[in-house]
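Shown next: model-v3.cif, given as mmCIF, C-alpha atoms.
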```
data_start
loop_
_atom_site.label_atom_id
_atom_site.label_comp_id
_atom_site.auth_asym_id
_atom_site.auth_seq_id
_atom_site.Cartn_x
_atom_site.Cartn_y
_atom_site.Cartn_z
CA MET A 1 7.28 -6.36 4.60
CA ALA A 2 7.94 -3.93 1.81
CA GLY A 3 4.77 -2.23 0.69
CA PRO A 4 3.74 -1.38 -2.83
CA CYS A 5 6.64 0.44 -4.38
CA GLY A 6 7.72 2.17 -7.49
CA SER A 7 9.97 4.84 -8.82
CA SER A 8 7.52 6.74 -10.96
CA PRO A 9 7.93 10.48 -11.38
CA ALA A 10 5.79 12.77 -9.29
CA ALA A 11 2.34 13.56 -10.60
CA THR A 12 1.85 16.96 -12.15
CA THR A 13 -0.01 19.29 -9.80
CA THR A 14 -2.94 21.12 -11.31
CA LEU A 15 -5.82 23.12 -9.99
CA ARG A 16 -8.21 22.37 -12.84
CA GLU A 17 -11.82 22.64 -11.77
CA GLU A 18 -15.11 22.38 -13.55
CA VAL A 19 -18.70 22.70 -12.39
CA SER A 20 -20.83 19.90 -13.74
CA GLY A 21 -24.54 20.64 -14.05
CA SER A 22 -25.75 17.07 -14.60
CA PRO A 23 -24.74 13.42 -14.27
CA ALA A 24 -24.17 13.39 -18.05
CA ALA A 25 -21.71 16.30 -17.73
CA THR A 26 -19.89 14.51 -14.87
CA GLU A 27 -19.63 11.40 -17.07
CA ALA A 28 -18.37 13.50 -20.00
CA PHE A 29 -15.59 14.97 -17.82
CA GLY A 30 -14.69 11.43 -16.72
CA GLU A 31 -14.68 10.24 -20.33
CA ARG A 32 -12.22 12.97 -21.38
CA PHE A 33 -9.99 12.00 -18.44
CA GLY A 34 -10.37 8.29 -19.27
CA LYS A 35 -9.16 8.77 -22.84
CA ARG A 36 -5.76 9.70 -21.36
CA LEU A 37 -5.44 6.62 -19.12
CA ARG A 38 -2.56 4.19 -19.68
CA VAL A 39 -1.52 0.89 -18.17
CA GLY A 40 -0.14 1.61 -14.70
CA ASP A 41 -2.13 4.82 -14.10
CA LEU A 42 -3.65 5.23 -10.65
CA VAL A 43 -6.52 7.67 -10.07
CA LEU A 44 -7.74 8.44 -6.55
CA LEU A 45 -11.25 9.85 -6.18
CA THR A 46 -12.36 11.73 -3.09
CA GLY A 47 -15.68 13.20 -2.04
CA GLU A 48 -18.52 12.50 0.33
CA LEU A 49 -21.26 9.93 -0.26
CA GLY A 50 -23.35 11.02 -3.24
CA ALA A 51 -20.67 13.31 -4.64
CA GLY A 52 -20.69 11.57 -8.03
CA LYS A 53 -17.63 9.32 -7.82
CA THR A 54 -19.29 6.31 -9.50
CA THR A 55 -20.86 8.59 -12.12
CA PHE A 56 -17.36 9.93 -12.88
CA VAL A 57 -16.08 6.34 -13.18
CA ARG A 58 -18.83 5.56 -15.72
CA GLY A 59 -17.25 8.22 -17.91
CA LEU A 60 -13.71 6.98 -17.20
CA ALA A 61 -14.68 3.49 -18.33
CA ARG A 62 -16.25 4.86 -21.51
CA GLY A 63 -13.05 6.83 -22.12
CA THR A 64 -11.04 3.60 -21.99
CA GLY A 65 -13.32 2.11 -24.62
CA SER A 66 -15.39 -0.05 -22.29
CA SER A 67 -19.11 -0.48 -22.89
CA ALA A 68 -19.58 -2.58 -19.74
CA PRO A 69 -22.15 -1.30 -17.23
CA VAL A 70 -20.44 0.47 -14.31
CA ALA A 71 -21.70 -0.03 -10.77
CA SER A 72 -20.28 0.92 -7.40
CA PRO A 73 -17.94 -1.82 -6.12
CA THR A 74 -18.78 -1.10 -2.46
CA PHE A 75 -19.66 -4.71 -1.64
CA GLN A 76 -17.62 -6.45 -4.34
CA LEU A 77 -14.59 -4.15 -3.67
CA VAL A 78 -13.15 -4.51 -7.20
CA ARG A 79 -14.85 -4.45 -10.59
CA VAL A 80 -12.87 -4.76 -13.81
CA TYR A 81 -13.99 -3.22 -17.10
CA PRO A 82 -12.35 -4.33 -20.37
CA GLY A 83 -11.41 -1.73 -22.96
CA ARG A 84 -8.48 -0.16 -24.81
CA VAL A 85 -6.99 -0.05 -21.31
CA GLN A 86 -8.45 -2.39 -18.72
CA LEU A 87 -9.94 -0.33 -15.87
CA ALA A 88 -10.08 -1.75 -12.34
CA HIS A 89 -12.59 0.11 -10.17
CA ILE A 90 -11.92 -0.21 -6.43
CA ASP A 91 -13.94 1.10 -3.52
CA LEU A 92 -12.07 1.51 -0.22
CA TYR A 93 -15.16 2.59 1.76
CA ARG A 94 -15.29 -0.72 3.66
CA ILE A 95 -11.51 -1.35 3.86
CA GLU A 96 -10.35 -1.09 7.46
CA THR A 97 -6.89 -2.66 7.55
CA PRO A 98 -3.81 -2.61 5.28
CA GLY A 99 -4.04 -6.40 4.97
CA GLU A 100 -7.36 -6.10 3.16
CA LEU A 101 -5.76 -3.82 0.58
CA VAL A 102 -2.89 -6.24 -0.04
CA ASP A 103 -5.44 -9.01 -0.65
CA LEU A 104 -6.96 -7.03 -3.53
CA GLY A 105 -3.87 -7.54 -5.74
CA LEU A 106 -3.42 -3.88 -6.60
CA ASP A 107 0.07 -4.30 -8.06
CA GLU A 108 -1.24 -6.95 -10.46
CA LEU A 109 -4.18 -4.73 -11.44
CA LEU A 110 -1.75 -1.90 -12.27
CA ASP A 111 0.30 -4.30 -14.39
CA GLN A 112 -2.83 -5.13 -16.37
CA GLY A 113 -4.34 -1.67 -16.79
CA ALA A 114 -5.39 1.50 -15.02
CA VAL A 115 -6.88 1.60 -11.52
CA VAL A 116 -9.43 4.07 -10.15
CA VAL A 117 -10.04 4.12 -6.39
CA GLU A 118 -13.16 5.54 -4.76
CA TRP A 119 -12.48 6.85 -1.24
CA GLY A 120 -8.92 7.37 -2.48
CA ASP A 121 -8.08 9.52 0.54
CA ARG A 122 -7.67 6.21 2.39
CA LEU A 123 -4.68 5.34 0.20
CA ASP A 124 -1.41 7.20 0.62
CA ALA A 125 -0.13 7.31 -2.97
CA HIS A 126 1.50 10.67 -3.63
CA ASN A 127 2.22 9.97 -7.31
CA ALA A 128 -1.38 9.11 -8.18
CA ALA A 129 -3.78 11.42 -9.97
CA LEU A 130 -6.18 12.94 -7.45
CA VAL A 131 -9.71 14.05 -8.35
CA ASN A 132 -12.14 15.49 -5.81
CA LEU A 133 -15.88 15.61 -6.43
CA GLU A 134 -18.03 17.91 -4.32
CA HIS A 135 -21.83 17.99 -4.32
CA LEU A 136 -22.97 21.60 -4.66
CA GLU A 137 -26.76 21.45 -5.01
CA GLY A 138 -29.18 19.34 -7.03
CA ASP A 139 -27.23 17.75 -9.87
CA ARG A 140 -24.37 20.27 -9.70
CA ARG A 141 -20.91 18.98 -8.80
CA MET A 142 -17.54 20.68 -8.50
CA ILE A 143 -14.87 18.45 -10.06
CA ARG A 144 -11.33 19.36 -9.03
CA VAL A 145 -8.27 17.70 -10.52
CA LYS A 146 -5.83 18.28 -7.68
CA ARG A 147 -3.07 16.15 -9.26
CA ASP A 148 -3.16 15.14 -12.90
CA LEU A 149 -1.93 11.89 -14.42
CA SER A 150 1.82 11.32 -14.23
CA PRO A 151 4.04 11.01 -17.26
CA PRO A 152 4.34 7.39 -18.50
CA ARG A 153 6.12 5.02 -16.12
CA SER A 154 7.11 1.39 -15.94
CA PRO A 155 4.10 -0.78 -15.13
CA GLY A 156 4.12 -2.81 -11.99
CA ARG A 157 4.31 -1.00 -8.70
CA TRP A 158 2.30 1.38 -6.63
CA PRO A 159 4.11 4.51 -5.55
CA GLU A 160 5.70 3.76 -2.22
CA ALA A 161 4.05 5.10 0.90
CA PRO A 162 6.24 7.38 3.05
CA ASP A 163 6.15 4.81 5.87
CA GLY A 164 7.22 2.00 3.54
CA GLY A 165 3.87 0.27 4.06
CA THR A 166 0.83 -0.29 1.93
CA GLY A 167 -0.29 3.30 2.17
CA VAL A 168 -3.72 2.54 3.62
CA SER A 169 -4.84 5.22 6.01
CA SER A 170 -7.00 4.03 8.87
CA ALA A 171 -7.77 7.56 10.03
CA ASP A 172 -11.46 7.63 9.03
#
```
So that I can check it, write out the structure of this file as structure tokens.
Amino acid sequence: MAGPCGSSPAATTTLREEVSGSPAATEAFGERFGKRLRVGDLVLLTGELGAGKTTFVRGLARGTGSSAPVASPTFQLVRVYPGRVQLAHIDLYRIETPGELVDLGLDELLDQGAVVVEWGDRLDAHNAALVNLEHLEGDRRMIRVKRDLSPPRSPGRWPEAPDGGTGVSSAD
């Protein structure tokens, strides 16, 4: 079975980092990032539990023009927020097999808007934007944009995994 595929250009590599001193500052960073989102954009978020991933997504959603309340999709797996660009918020924390990922309809979500994935290190998508959040102390977070958003591409397909599969990593 061919996995999610695409021929989008490689994401731009950056080493942008910012220390956030509060949840509001983390949301503000996410909002600035969210204002740049387009249909077909994929953003992978990494960081330990409590690092601020969902807080960052609150800002992303606001940046897309959504006023919907943002909550972690850990048990629901996917939440969709309407806005200038629809934002699908996915949490891979409980995903254990590639089949579960296929069932989420990720290609269709990318056709309809942007997708942000918490626990994004479980998805092997080299052309996706990659943002790492690290808890420093108290409310302080280090936000690192390891790969920025790619130039515009045709909507429709996830970047192909090197193994030709879905790109889900079960090494956790």
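Counting only C-alpha atoms and comparing A:Leu45, A:Leu149, A:Met142, A:Arg84, the residue that lies closest to Leu123 in chain A is A:Leu45.
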Please list as a PDB file with C-alpha atoms, keeping the file's coordinate frame every residue within 10 Å of range 69-75 of chain A, counting all atoms listed in the file and excluding residues in the same chain fewer than 5 positions away.
```pdb
ATOM      1  CA  LYS A  53     -17.630   9.320  -7.820  1.00  0.00           C
ATOM      2  CA  THR A  54     -19.290   6.310  -9.500  1.00  0.00           C
ATOM      3  CA  THR A  55     -20.860   8.590 -12.120  1.00  0.00           C
ATOM      4  CA  VAL A  57     -16.080   6.340 -13.180  1.00  0.00           C
ATOM      5  CA  ARG A  58     -18.830   5.560 -15.720  1.00  0.00           C
ATOM      6  CA  GLY A  59     -17.250   8.220 -17.910  1.00  0.00           C
ATOM      7  CA  LEU A  60     -13.710   6.980 -17.200  1.00  0.00           C
ATOM      8  CA  ALA A  61     -14.680   3.490 -18.330  1.00  0.00           C
ATOM      9  CA  ARG A  62     -16.250   4.860 -21.510  1.00  0.00           C
ATOM     10  CA  VAL A  80     -12.870  -4.760 -13.810  1.00  0.00           C
ATOM     11  CA  TYR A  81     -13.990  -3.220 -17.100  1.00  0.00           C
ATOM     12  CA  HIS A  89     -12.590   0.110 -10.170  1.00  0.00           C
ATOM     13  CA  ILE A  90     -11.920  -0.210  -6.430  1.00  0.00           C
ATOM     14  CA  ASP A  91     -13.940   1.100  -3.520  1.00  0.00           C
ATOM     15  CA  LEU A  92     -12.070   1.510  -0.220  1.00  0.00           C
ATOM     16  CA  TYR A  93     -15.160   2.590   1.760  1.00  0.00           C
ATOM     17  CA  ARG A  94     -15.290  -0.720   3.660  1.00  0.00           C
ATOM     18  CA  ILE A  95     -11.510  -1.350   3.860  1.00  0.00           C
ATOM     19  CA  VAL A 117     -10.040   4.120  -6.390  1.00  0.00           C
ATOM     20  CA  GLU A 118     -13.160   5.540  -4.760  1.00  0.00           C
TER      21      GLU A 118
END
```
- 8 Å contact set for Gly52 in chain A, all atoms listed in the file, chain neighbours under 5 positions out, as a PyMOL selection string: chain A and resi 23+26+47+133-135+141
- Task: Could you state which residues are captured by the PyMOL selection byres ((chain A and resi 39) around 12) in this file, as a ChimeraX atom specification?
- Result: /A:34-38,40-43,64,83-88,107-116,149-157
- What does the PyMOL selection byres ((chain A and resi 17) around 10) select in this file, as an NGL selection string? :A and (14-16 or 18-20 or 131-133 or 142-146)
- For CA of Asn127 in chain A and CA of Arg147 in chain A, the interatomic separation in Å (one decimal):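 Those two atoms sit 8.4 Å apart.
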- Query: How many Å separate CA of Leu104 in chain A from CA of Gln76 in chain A?
  - Reply: 10.7 Å
- Query: With all atoms listed in the file as the atoms that count, which of A:Gly138, A:Glu48, A:Phe56, A:Val102 lies nearest to Ala25 in chain A?
  - Reply: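 So, comparing all the options, the nearest one is A:Phe56.
You will find CA of Ala24 in chain A at 17.0 Å from CA of Gly65 in chain A.
Considering the residues A:Leu44, A:Ala28, A:Ala68, A:Leu106 and counting only C-alpha atoms, Ala129 in chain A has its shortest atom-to-atom contact with A:Leu44.
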With 5 Å of padding per side, what axis-aligned box (centre and edge lengths, Å, one decimal) covers all the listed atoms of range 24-31 of chain A? Give it as lines of an AutoDock Vina configuration file.
```
center_x = -19.4
center_y = 13.3
center_z = -17.6
size_x = 19.5
size_y = 16.1
size_z = 15.5
```
- With distances taken over all atoms listed in the file, the candidate from A:Pro98, A:His126, A:Gly50, A:Glu31 nearest Ser66 in chain A is A:Glu31
